[in-house]
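Visitor: data_35.cif is reproduced below (mmCIF, C-alpha atoms).
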```
data_my_file
#
loop_
_atom_site.label_atom_id
_atom_site.label_comp_id
_atom_site.auth_asym_id
_atom_site.auth_seq_id
_atom_site.Cartn_x
_atom_site.Cartn_y
_atom_site.Cartn_z
CA MET S 1256 0.00 0.00 0.00
CA ALA S 1257 2.89 2.34 0.67
CA GLY S 1258 3.53 2.56 -3.07
CA ILE S 1259 0.41 4.61 -3.71
CA VAL S 1260 1.45 7.39 -1.35
CA SER S 1261 3.34 9.90 -3.44
CA PRO S 1262 6.60 11.45 -2.22
CA GLY S 1263 4.92 14.78 -2.78
CA PHE S 1264 2.55 14.05 0.05
CA PHE S 1265 5.42 13.64 2.49
CA GLY S 1266 7.16 16.65 0.96
CA ARG S 1267 4.25 18.82 1.87
CA ARG S 1268 4.10 17.44 5.39
CA ARG S 1269 7.78 18.27 5.88
CA ASP S 1270 6.98 21.86 4.94
CA ALA S 1271 4.35 22.21 7.64
CA SER S 1272 5.73 24.96 9.87
CA PRO S 1273 4.01 27.75 11.72
CA ARG S 1274 6.63 30.04 10.15
CA LEU S 1275 5.61 29.10 6.61
CA PRO S 1276 2.93 31.38 5.07
CA PRO S 1277 0.12 29.81 3.04
CA GLY S 1278 1.08 28.48 -0.39
CA GLN S 1279 4.83 28.55 0.32
CA TYR S 1280 7.39 25.72 0.35
CA LEU S 1281 10.74 25.60 2.12
CA VAL S 1282 14.09 25.77 0.38
CA ARG S 1283 17.55 25.22 1.83
CA ASP S 1284 19.47 26.91 -0.99
CA PHE S 1285 19.06 30.61 -1.78
CA PRO S 1286 17.44 30.98 -5.21
CA VAL S 1287 18.57 33.94 -7.32
CA LEU S 1288 15.79 35.85 -9.04
CA SER S 1289 16.62 38.76 -11.29
CA ALA S 1290 14.80 40.89 -13.83
CA GLY S 1291 17.98 42.02 -15.54
CA PRO S 1292 21.75 41.88 -15.61
CA THR S 1293 23.48 42.01 -12.23
CA PRO S 1294 24.80 45.55 -11.72
CA ARG S 1295 28.47 45.71 -10.78
CA VAL S 1296 28.48 48.60 -8.35
CA ASN S 1297 31.77 50.33 -7.57
CA LEU S 1298 32.10 51.06 -3.84
CA ASP S 1299 34.18 54.15 -4.61
CA THR S 1300 31.18 55.75 -6.30
CA TRP S 1301 28.38 54.00 -4.35
CA GLU S 1302 25.98 56.38 -2.72
CA PHE S 1303 22.74 55.88 -0.82
CA ARG S 1304 20.25 58.73 -0.88
CA ILE S 1305 17.04 59.52 0.93
CA ALA S 1306 14.98 62.31 -0.63
CA THR S 1307 11.97 63.79 1.10
CA GLU S 1308 8.75 65.06 -0.44
CA THR S 1309 10.09 68.62 -0.12
CA GLY S 1310 13.25 67.80 -2.05
CA GLU S 1311 15.59 67.57 0.94
CA LYS S 1312 18.27 64.96 0.47
CA ARG S 1313 20.54 63.01 2.75
CA THR S 1314 23.33 60.93 1.28
CA TRP S 1315 25.95 58.50 2.52
CA ASP S 1316 29.00 57.23 0.70
CA TRP S 1317 30.22 53.70 1.46
CA PRO S 1318 32.59 54.61 4.34
CA ALA S 1319 29.93 56.81 5.95
CA PHE S 1320 27.34 54.07 5.57
CA GLN S 1321 29.66 51.49 7.11
CA ALA S 1322 30.21 53.83 10.07
CA LEU S 1323 26.51 53.84 10.94
CA PRO S 1324 25.36 51.57 13.78
CA ALA S 1325 24.45 48.17 12.31
CA ASP S 1326 22.12 45.39 13.40
CA ASP S 1327 22.59 41.66 13.08
CA VAL S 1328 19.19 40.15 12.34
CA THR S 1329 17.89 36.67 11.61
CA VAL S 1330 14.71 36.68 9.53
CA ASP S 1331 12.55 34.44 7.34
CA LEU S 1332 12.27 35.26 3.61
CA HIS S 1333 9.17 34.64 1.51
CA CYS S 1334 9.34 34.97 -2.28
CA VAL S 1335 6.14 35.49 -4.26
CA THR S 1336 7.26 32.63 -6.54
CA LYS S 1337 6.41 30.44 -3.51
CA TRP S 1338 9.74 29.54 -1.93
CA SER S 1339 10.54 30.51 1.64
CA LYS S 1340 13.89 30.37 3.38
CA LEU S 1341 13.88 30.42 7.16
CA ALA S 1342 16.38 31.89 9.61
CA THR S 1343 18.58 33.88 7.23
CA SER S 1344 21.27 36.01 8.91
CA TRP S 1345 21.94 39.56 7.79
CA ARG S 1346 23.93 42.61 8.84
CA GLY S 1347 22.72 46.04 7.93
CA VAL S 1348 21.56 49.47 8.97
CA SER S 1349 18.01 49.86 10.21
CA VAL S 1350 15.96 52.22 8.04
CA ASP S 1351 14.96 53.86 11.35
CA THR S 1352 18.60 54.91 11.72
CA LEU S 1353 18.65 56.32 8.17
CA LEU S 1354 15.41 58.23 8.75
CA ASP S 1355 16.46 59.56 12.15
CA GLY S 1356 16.22 63.36 12.15
CA ILE S 1357 14.63 63.56 8.70
CA GLU S 1358 11.49 65.67 8.78
CA THR S 1359 8.76 64.28 6.60
CA ASP S 1360 5.01 64.00 6.36
CA ALA S 1361 5.30 61.36 3.63
CA GLU S 1362 3.19 58.25 3.91
CA TYR S 1363 4.75 56.34 1.03
CA ALA S 1364 8.18 55.26 -0.11
CA LEU S 1365 9.49 54.51 -3.59
CA VAL S 1366 12.69 52.49 -3.45
CA HIS S 1367 15.24 52.81 -6.28
CA ALA S 1368 17.94 50.33 -7.23
CA PHE S 1369 20.96 50.37 -9.50
CA GLY S 1370 19.82 48.94 -12.82
CA GLY S 1371 16.50 50.78 -12.71
CA TYR S 1372 14.39 48.49 -10.51
CA THR S 1373 11.84 50.16 -8.25
CA THR S 1374 9.38 49.01 -5.61
CA ASN S 1375 6.88 50.88 -3.46
CA LEU S 1376 5.56 50.44 0.05
CA PRO S 1377 4.04 52.48 2.86
CA LEU S 1378 6.71 54.37 4.78
CA ALA S 1379 5.33 52.82 8.00
CA ASP S 1380 6.56 49.45 6.76
CA LEU S 1381 10.12 50.77 6.70
CA ARG S 1382 9.91 52.06 10.28
CA GLY S 1383 9.70 50.39 13.66
CA GLY S 1384 12.59 47.92 13.31
CA LYS S 1385 11.01 46.17 10.33
CA ALA S 1386 13.43 47.10 7.53
CA TRP S 1387 17.15 47.37 6.92
CA VAL S 1388 19.63 48.27 4.22
CA ALA S 1389 21.71 45.10 4.45
CA TYR S 1390 25.30 44.67 3.30
CA GLY S 1391 26.20 41.40 5.02
CA TYR S 1392 24.73 37.94 4.61
CA ASP S 1393 25.64 34.84 6.58
CA GLY S 1394 28.76 36.42 8.03
CA ALA S 1395 30.20 37.70 4.76
CA ASP S 1396 29.83 40.65 2.42
CA LEU S 1397 26.59 40.51 0.46
CA THR S 1398 27.39 39.12 -2.99
CA PRO S 1399 26.21 40.88 -6.18
CA GLU S 1400 23.78 38.11 -7.18
CA HIS S 1401 21.96 38.53 -3.86
CA GLY S 1402 21.93 42.31 -4.15
CA GLY S 1403 25.37 43.41 -2.97
CA PRO S 1404 26.88 45.70 -2.12
CA ALA S 1405 23.62 46.57 -0.34
CA ARG S 1406 19.97 45.60 -0.62
CA LEU S 1407 16.80 46.55 1.14
CA LEU S 1408 15.52 43.91 3.56
CA VAL S 1409 11.81 44.05 4.42
CA PRO S 1410 11.16 40.49 5.50
CA HIS S 1411 7.52 40.89 6.53
CA LEU S 1412 6.57 41.48 2.87
CA TYR S 1413 7.20 39.32 -0.22
CA LEU S 1414 10.83 39.46 -1.24
CA TRP S 1415 10.33 41.56 -4.39
CA LYS S 1416 9.93 44.51 -1.97
CA SER S 1417 13.47 43.88 -0.65
CA ALA S 1418 15.12 45.60 -3.61
CA LYS S 1419 18.56 44.31 -4.54
CA TRP S 1420 21.34 46.83 -5.33
CA VAL S 1421 19.38 49.53 -3.51
CA ARG S 1422 20.56 53.08 -4.03
CA GLY S 1423 17.89 55.26 -2.50
CA ILE S 1424 14.43 55.87 -1.11
CA ASP S 1425 12.09 58.66 -2.14
CA LEU S 1426 9.65 59.69 0.58
CA ARG S 1427 6.37 60.63 -1.09
CA ARG S 1428 2.98 62.07 -0.23
CA THR S 1429 1.41 59.93 -2.93
CA ASP S 1430 1.91 56.27 -3.73
CA GLU S 1431 3.69 55.40 -6.98
CA ARG S 1432 3.82 51.79 -8.12
CA GLY S 1433 7.13 50.07 -8.66
CA PHE S 1434 8.44 47.68 -11.30
CA TRP S 1435 6.28 44.66 -10.43
CA GLU S 1436 3.47 46.54 -8.71
CA GLN S 1437 2.75 48.24 -12.07
CA LEU S 1438 2.23 44.90 -13.70
CA GLY S 1439 -0.14 42.72 -11.79
CA TYR S 1440 1.63 42.18 -8.52
CA HIS S 1441 -0.06 43.26 -5.32
CA ASN S 1442 0.62 46.79 -4.15
CA TYR S 1443 1.39 45.66 -0.58
CA GLY S 1444 2.43 41.99 -0.75
CA ASP S 1445 1.75 40.47 2.67
CA PRO S 1446 2.80 36.79 2.45
CA TRP S 1447 0.55 35.79 5.37
CA LEU S 1448 -2.46 37.08 3.43
CA GLU S 1449 -1.14 35.64 0.14
CA GLN S 1450 -1.25 39.07 -1.46
CA ARG S 1451 0.50 37.93 -4.65
CA TYR S 1452 -1.49 39.59 -7.42
CA SER S 1453 -3.41 42.81 -7.77
CA ALA S 1454 -7.15 42.47 -7.35
CA ASP S 1455 -7.95 44.38 -10.56
CA MET D 601 23.37 32.63 -10.99
CA SER D 602 20.45 32.83 -13.38
CA VAL D 603 21.42 32.92 -17.04
CA PRO D 604 19.31 35.00 -19.41
CA LEU D 605 17.81 33.25 -22.39
CA ASP D 606 16.84 34.39 -25.87
CA GLY D 607 13.38 35.34 -27.07
CA ASN D 608 12.50 31.80 -28.11
CA ALA D 609 12.14 31.07 -24.37
CA ILE D 610 8.96 33.11 -24.25
CA ALA D 611 7.39 31.89 -27.48
CA GLY D 612 5.04 29.60 -25.57
CA ALA D 613 3.93 32.21 -23.06
CA LEU D 614 3.28 34.79 -25.78
CA GLY D 615 1.60 32.16 -27.90
CA GLU D 616 -1.08 31.95 -25.21
CA LEU D 617 -1.89 35.62 -25.74
CA PHE D 618 -1.40 36.14 -29.48
CA ALA D 619 -2.95 34.34 -32.38
CA VAL D 620 0.25 34.61 -34.42
CA ASP D 621 3.83 33.50 -33.79
CA VAL D 622 5.25 36.52 -31.99
CA SER D 623 8.80 35.14 -31.80
CA VAL D 624 9.33 36.01 -35.49
CA ALA D 625 7.75 39.46 -35.18
CA ARG D 626 10.01 42.45 -35.80
CA LEU D 627 10.34 45.11 -33.14
CA GLU D 628 12.12 48.37 -32.51
CA CYS D 629 13.56 49.14 -29.09
CA GLY D 630 11.92 52.23 -27.61
CA GLY D 631 15.18 53.02 -25.82
CA CYS D 632 17.91 52.90 -28.46
CA GLY D 633 16.00 52.34 -31.71
CA MET D 634 17.65 49.01 -32.50
CA GLU D 635 15.53 46.82 -34.72
CA GLY D 636 15.39 43.06 -34.51
CA VAL D 637 13.09 40.12 -34.02
CA VAL D 638 11.53 38.98 -30.77
CA ALA D 639 13.53 35.75 -30.82
CA GLU D 640 16.73 37.78 -30.45
CA VAL D 641 15.84 39.71 -27.29
CA VAL D 642 17.40 38.86 -23.92
CA VAL D 643 14.92 37.16 -21.62
CA TYR D 644 15.03 36.82 -17.84
CA ILE D 645 12.63 34.18 -16.60
CA ASP D 646 13.96 33.64 -13.05
CA ALA D 647 11.90 36.52 -11.72
CA PRO D 648 8.34 37.13 -10.53
CA GLY D 649 7.49 37.68 -14.20
CA VAL D 650 9.21 37.44 -17.57
CA VAL D 651 11.36 40.41 -18.51
CA ALA D 652 12.63 40.89 -22.06
CA ARG D 653 15.43 43.37 -22.61
CA CYS D 654 17.12 44.90 -25.65
CA ARG D 655 20.30 43.06 -26.55
CA ALA D 656 21.99 46.39 -27.34
CA CYS D 657 21.00 48.70 -24.48
CA ASP D 658 19.33 46.56 -21.74
CA ASN D 659 16.14 48.62 -22.01
CA VAL D 660 13.11 46.69 -20.74
CA LEU D 661 11.15 45.90 -23.92
CA PHE D 662 8.29 43.99 -22.40
CA ARG D 663 7.20 42.34 -19.20
CA LEU D 664 4.77 39.49 -18.78
CA VAL D 665 3.16 38.43 -15.51
CA ARG D 666 0.97 35.35 -15.31
CA ALA D 667 -1.50 34.79 -12.51
CA PRO D 668 -3.53 31.57 -12.52
CA ASP D 669 -6.44 33.27 -14.30
CA ARG D 670 -4.97 36.48 -15.74
CA ALA D 671 -1.98 37.81 -17.63
CA TRP D 672 -0.44 41.27 -17.72
CA LEU D 673 1.64 42.29 -20.71
CA ASP D 674 3.56 45.57 -20.71
CA LEU D 675 5.00 46.63 -24.07
CA ARG D 676 5.92 50.20 -23.23
CA GLY D 677 9.59 49.65 -24.03
CA VAL D 678 8.81 48.67 -27.62
CA ALA D 679 8.48 51.40 -30.26
CA TYR D 680 6.62 49.04 -32.58
CA LEU D 681 5.90 45.37 -33.02
CA ARG D 682 5.33 44.18 -36.60
CA LEU D 683 3.38 40.97 -36.79
CA ARG D 684 2.95 38.86 -39.91
CA THR D 685 -0.70 38.26 -40.67
CA THR D 686 -2.52 36.25 -43.28
CA SER D 687 -3.28 38.08 -46.53
CA THR D 688 -6.60 39.86 -46.61
#
```
Could the structure of this file be written out as structure tokens, please?

Guide:
Amino acid sequence: MAGIVSPGFFGRRRDASPRLPPGQYLVRDFPVLSAGPTPRVNLDTWEFRIATETGEKRTWDWPAFQALPADDVTVDLHCVTKWSKLATSWRGVSVDTLLDGIETDAEYALVHAFGGYTTNLPLADLRGGKAWVAYGYDGADLTPEHGGPARLLVPHLYLWKSAKWVRGIDLRRTDERGFWEQLGYHNYGDPWLEQRYSAD
Amino acid sequence: MSVPLDGNAIAGALGELFAVDVSVARLECGGCGMEGVVAEVVVYIDAPGVVARCRACDNVLFRLVRAPDRAWLDLRGVAYLRLRTTST
């Protein structure tokens, strides 16, 4: 009788975890998803910029960014293509630290990356210890294929919000949809609510 | 590391949406003006959707997202797409 039970059945049971959102499966490797060529970003010219809705800008070069207080965080990742990777270890600067002292009434953020990728999210989702600009992964420098030298890390939303090769955040009064949000993907992307695709 | 493919990789997906073979259609890049055929574009499929880019300038030519019951096709990076039709 055992022959009629498919391996897939046991595979699904192995994935049963309270940390696994609906519709997701676990991976042990770290899949690389990319919508274009991997940018090779020179640290000598790297710059991270936050621009407010009034046009004020704050920038950091690589040494200044490295001098900011950093957090070591262990988080679960959930990709909209249905894989999840648990307990990933990162080092990076909290977005709270980057926003500290910046005056803004913005409710939305548009994140920009080298290579032209963008993604949008409410500014509240970047505050409160929920988001980082990460430059270390698993004890080493973040590699280019995973978004190095630095990527956004917003683990409570689907991973397309965690823009690789991040170079800046615009703080906005109005919401503007990013690269995938313009084209069918959900504007918010909560993996626990399976917000994969836009409702319209 | 994901390796980009050529435009033939998306012939099936586009074939679901178009009544003609789009892979042999001619197009002009809206970014740099290069002309070519769809089969020659650079395609990234290891992504939440399919992204086709110009082989000359990396401009995003088109994007395709498939949900179980819907598809979104963005062609804003293409200046024109010339499809071969049957004679009328």

Visitor: Could I get the residues of chain D with an atom no further than 12 Å from an atom of chain S, each paired with its nearest atom pair and that distance in Å to one decimal, using all atoms listed in the file, sorted by chain and residue number, as a tab-separated table?

Guide:
```
residue	atom	partner	partner_atom	distance
D:Met601	CA	S:Val1287	CA	6.2
D:Ser602	CA	S:Val1287	CA	6.4
D:Val603	CA	S:Pro1292	CA	9.1
D:Pro604	CA	S:Gly1291	CA	8.1
D:Leu605	CA	S:Gly1291	CA	11.1
D:Val642	CA	S:Gly1291	CA	9.0
D:Val643	CA	S:Gly1291	CA	8.4
D:Tyr644	CA	S:Ala1290	CA	5.7
D:Ile645	CA	S:Ala1290	CA	7.6
D:Asp646	CA	S:Leu1288	CA	4.9
D:Ala647	CA	S:Leu1288	CA	4.8
D:Pro648	CA	S:Thr1336	CA	6.1
D:Gly649	CA	S:Ala1290	CA	8.0
D:Val650	CA	S:Ala1290	CA	7.6
D:Val651	CA	S:Ala1290	CA	5.8
D:Ala652	CA	S:Gly1291	CA	8.5
D:Arg653	CA	S:Gly1291	CA	7.6
D:Cys654	CA	S:Gly1291	CA	10.5
D:Arg655	CA	S:Pro1292	CA	11.1
D:Cys657	CA	S:Pro1292	CA	11.2
D:Asp658	CA	S:Gly1291	CA	7.8
D:Asn659	CA	S:Gly1291	CA	9.4
D:Val660	CA	S:Gly1291	CA	8.5
D:Leu661	CA	S:Gly1291	CA	11.5
D:Phe662	CA	S:Leu1438	CA	10.6
D:Arg663	CA	S:Leu1438	CA	7.8
D:Leu664	CA	S:Leu1438	CA	7.8
D:Val665	CA	S:Gly1439	CA	6.6
D:Arg666	CA	S:Gly1439	CA	8.2
D:Ala667	CA	S:Tyr1452	CA	7.0
D:Pro668	CA	S:Tyr1452	CA	9.7
D:Asp669	CA	S:Tyr1452	CA	10.6
D:Arg670	CA	S:Gly1439	CA	8.8
D:Ala671	CA	S:Gly1439	CA	7.8
D:Trp672	CA	S:Leu1438	CA	6.0
D:Leu673	CA	S:Leu1438	CA	7.5
D:Asp674	CA	S:Leu1438	CA	7.2
D:Leu675	CA	S:Leu1438	CA	10.9
D:Arg676	CA	S:Leu1438	CA	11.5
```

Visitor: I need the chosen residues saved as a PDB file, in the frame of the given file, with C-alpha atoms.

Guide:
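Written file, out-v8.pdb:
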```pdb
ATOM      1  CA  MET D 601      23.370  32.630 -10.990  1.00  0.00           C
ATOM      2  CA  SER D 602      20.450  32.830 -13.380  1.00  0.00           C
ATOM      3  CA  VAL D 603      21.420  32.920 -17.040  1.00  0.00           C
ATOM      4  CA  PRO D 604      19.310  35.000 -19.410  1.00  0.00           C
ATOM      5  CA  LEU D 605      17.810  33.250 -22.390  1.00  0.00           C
ATOM      6  CA  VAL D 642      17.400  38.860 -23.920  1.00  0.00           C
ATOM      7  CA  VAL D 643      14.920  37.160 -21.620  1.00  0.00           C
ATOM      8  CA  TYR D 644      15.030  36.820 -17.840  1.00  0.00           C
ATOM      9  CA  ILE D 645      12.630  34.180 -16.600  1.00  0.00           C
ATOM     10  CA  ASP D 646      13.960  33.640 -13.050  1.00  0.00           C
ATOM     11  CA  ALA D 647      11.900  36.520 -11.720  1.00  0.00           C
ATOM     12  CA  PRO D 648       8.340  37.130 -10.530  1.00  0.00           C
ATOM     13  CA  GLY D 649       7.490  37.680 -14.200  1.00  0.00           C
ATOM     14  CA  VAL D 650       9.210  37.440 -17.570  1.00  0.00           C
ATOM     15  CA  VAL D 651      11.360  40.410 -18.510  1.00  0.00           C
ATOM     16  CA  ALA D 652      12.630  40.890 -22.060  1.00  0.00           C
ATOM     17  CA  ARG D 653      15.430  43.370 -22.610  1.00  0.00           C
ATOM     18  CA  CYS D 654      17.120  44.900 -25.650  1.00  0.00           C
ATOM     19  CA  ARG D 655      20.300  43.060 -26.550  1.00  0.00           C
ATOM     20  CA  CYS D 657      21.000  48.700 -24.480  1.00  0.00           C
ATOM     21  CA  ASP D 658      19.330  46.560 -21.740  1.00  0.00           C
ATOM     22  CA  ASN D 659      16.140  48.620 -22.010  1.00  0.00           C
ATOM     23  CA  VAL D 660      13.110  46.690 -20.740  1.00  0.00           C
ATOM     24  CA  LEU D 661      11.150  45.900 -23.920  1.00  0.00           C
ATOM     25  CA  PHE D 662       8.290  43.990 -22.400  1.00  0.00           C
ATOM     26  CA  ARG D 663       7.200  42.340 -19.200  1.00  0.00           C
ATOM     27  CA  LEU D 664       4.770  39.490 -18.780  1.00  0.00           C
ATOM     28  CA  VAL D 665       3.160  38.430 -15.510  1.00  0.00           C
ATOM     29  CA  ARG D 666       0.970  35.350 -15.310  1.00  0.00           C
ATOM     30  CA  ALA D 667      -1.500  34.790 -12.510  1.00  0.00           C
ATOM     31  CA  PRO D 668      -3.530  31.570 -12.520  1.00  0.00           C
ATOM     32  CA  ASP D 669      -6.440  33.270 -14.300  1.00  0.00           C
ATOM     33  CA  ARG D 670      -4.970  36.480 -15.740  1.00  0.00           C
ATOM     34  CA  ALA D 671      -1.980  37.810 -17.630  1.00  0.00           C
ATOM     35  CA  TRP D 672      -0.440  41.270 -17.720  1.00  0.00           C
ATOM     36  CA  LEU D 673       1.640  42.290 -20.710  1.00  0.00           C
ATOM     37  CA  ASP D 674       3.560  45.570 -20.710  1.00  0.00           C
ATOM     38  CA  LEU D 675       5.000  46.630 -24.070  1.00  0.00           C
ATOM     39  CA  ARG D 676       5.920  50.200 -23.230  1.00  0.00           C
TER      40      ARG D 676
END
```

Visitor: Taking the file as I've supplied it (selection: the PyMOL selection byres ((chain D and resi 627-640) around 6)), which residues are included? Please answer as a PDB file with C-alpha atoms, keeping the file's coordinate frame.

Guide:
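Contents of out_5.pdb, freshly written:
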```
ATOM      1  CA  ASP D 606      16.840  34.390 -25.870  1.00  0.00           C
ATOM      2  CA  GLY D 607      13.380  35.340 -27.070  1.00  0.00           C
ATOM      3  CA  ASN D 608      12.500  31.800 -28.110  1.00  0.00           C
ATOM      4  CA  SER D 623       8.800  35.140 -31.800  1.00  0.00           C
ATOM      5  CA  VAL D 624       9.330  36.010 -35.490  1.00  0.00           C
ATOM      6  CA  ALA D 625       7.750  39.460 -35.180  1.00  0.00           C
ATOM      7  CA  ARG D 626      10.010  42.450 -35.800  1.00  0.00           C
ATOM      8  CA  VAL D 641      15.840  39.710 -27.290  1.00  0.00           C
ATOM      9  CA  ASN D 659      16.140  48.620 -22.010  1.00  0.00           C
ATOM     10  CA  GLY D 677       9.590  49.650 -24.030  1.00  0.00           C
ATOM     11  CA  VAL D 678       8.810  48.670 -27.620  1.00  0.00           C
ATOM     12  CA  ALA D 679       8.480  51.400 -30.260  1.00  0.00           C
ATOM     13  CA  TYR D 680       6.620  49.040 -32.580  1.00  0.00           C
ATOM     14  CA  LEU D 681       5.900  45.370 -33.020  1.00  0.00           C
TER      15      LEU D 681
END
```

Visitor: Kindly extract all protein, DNA and RNA residues lying within 8 Å of the coordinates (21.2, 43.8, 13.7) given in the file, considering only C-alpha atoms, and supply them as a list in words.

Guide: Ala1325, Asp1326, Asp1327, Val1328, Trp1345, Arg1346, Gly1347, Val1348 and Ser1349 of chain S

Visitor: Compile the contact shell of segment 1382-1391 of chain S as a list in words: residues with an atom at most 9 Å away, counting all atoms listed in the file, same-chain residues fewer than 5 positions apart removed.

Guide: Gln1321, Ala1325, Asp1326, Asp1327, Ser1344, Trp1345, Arg1346, Gly1347, Val1348, Ser1349, Val1350, Asp1351, Leu1354, Asp1396, Leu1397, Thr1398, Gly1402, Gly1403, Pro1404, Ala1405, Arg1406, Leu1407, Leu1408, Val1409, Pro1410, His1411, Ser1417 and Val1421 of chain S

Visitor: Can you tell me how far atom CA of Asp1284 of chain S sits from atom CA of Leu1365 of chain S, in Å to one decimal?

Guide: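 Separation between atom CA of Asp1284 of chain S and atom CA of Leu1365 of chain S: 29.5 Å.
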
Visitor: One decimal, in Å: what's the spacing between atom CA of Thr1314 of chain S and atom CA of Ile1424 of chain S?

Guide: 10.5 Å

Visitor: Extract, using only C-alpha atoms, all DNA, RNA and protein residues at most 7 Å from Arg1427 of chain S, discarding same-chain residues fewer than 4 positions from it, and format them as a PyMOL selection string.

Guide: chain S and resi 1307-1308+1361-1364

Visitor: Report as AutoDock Vina command-line options the centre and the edge lengths, in Å to one decimal, of the axis-aligned box holding every listed atom of segment 1308-1318 of chain S, padded by 8 Å on each side.

Guide:
```
--center_x 20.7 --center_y 61.2 --center_z 1.1 --size_x 39.8 --size_y 30.9 --size_z 22.4
```

Visitor: What is the distance between atom CA of Lys1312 of chain S and atom CA of Asp1355 of chain S, in Å to one decimal?

Guide: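 Taking atom CA of Lys1312 of chain S as the start and atom CA of Asp1355 of chain S as the end point, the length is 13.0 Å.
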
Visitor: Evaluate the PyMOL selection byres ((chain S and resi 1317-1319) around 7) and record the selected residues as a list of chain:residue names, following the chain and residue labels used in the document.

Guide: S:Leu1298, S:Trp1301, S:Glu1302, S:Trp1315, S:Asp1316, S:Phe1320, S:Gln1321, S:Ala1322, S:Leu1323

Visitor: Taking C-alpha atoms for each residue, export the selection above as a PDB file, in the coordinates of the input.

Guide:
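See out.pdb below for the written result:
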```
ATOM      1  CA  LEU S1298      32.100  51.060  -3.840  1.00  0.00           C
ATOM      2  CA  TRP S1301      28.380  54.000  -4.350  1.00  0.00           C
ATOM      3  CA  GLU S1302      25.980  56.380  -2.720  1.00  0.00           C
ATOM      4  CA  TRP S1315      25.950  58.500   2.520  1.00  0.00           C
ATOM      5  CA  ASP S1316      29.000  57.230   0.700  1.00  0.00           C
ATOM      6  CA  PHE S1320      27.340  54.070   5.570  1.00  0.00           C
ATOM      7  CA  GLN S1321      29.660  51.490   7.110  1.00  0.00           C
ATOM      8  CA  ALA S1322      30.210  53.830  10.070  1.00  0.00           C
ATOM      9  CA  LEU S1323      26.510  53.840  10.940  1.00  0.00           C
TER      10      LEU S1323
END
```

Visitor: Taking the file as I've supplied it (selection: the PyMOL selection byres ((chain D and resi 685) around 12)), which residues are included? Please answer as a list of chain:residue names.

Guide: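 Selected by the PyMOL selection byres ((chain D and resi 685) around 12) in this file: D:Phe618, D:Ala619, D:Val620, D:Asp621, D:Val622, D:Val624, D:Ala625, D:Arg682, D:Leu683, D:Arg684, D:Thr686, D:Ser687, D:Thr688.
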
Visitor: Need to verify the contact set: His1333 of chain S, 9 Å, only C-alpha atoms, exclusion of same-chain residues closer than 4 positions in sequence. Can you return it as a ChimeraX atom specification?

Guide: /S:1275-1276,1279,1337-1341,1410-1414,1446

Visitor: With distances taken over only C-alpha atoms, which of S:Ser1272, S:Thr1329, S:Thr1343, S:Thr1373 is nearest to Trp1420 of chain S?

Guide: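 For Trp1420 of chain S, the nearest of the candidates is S:Thr1373.
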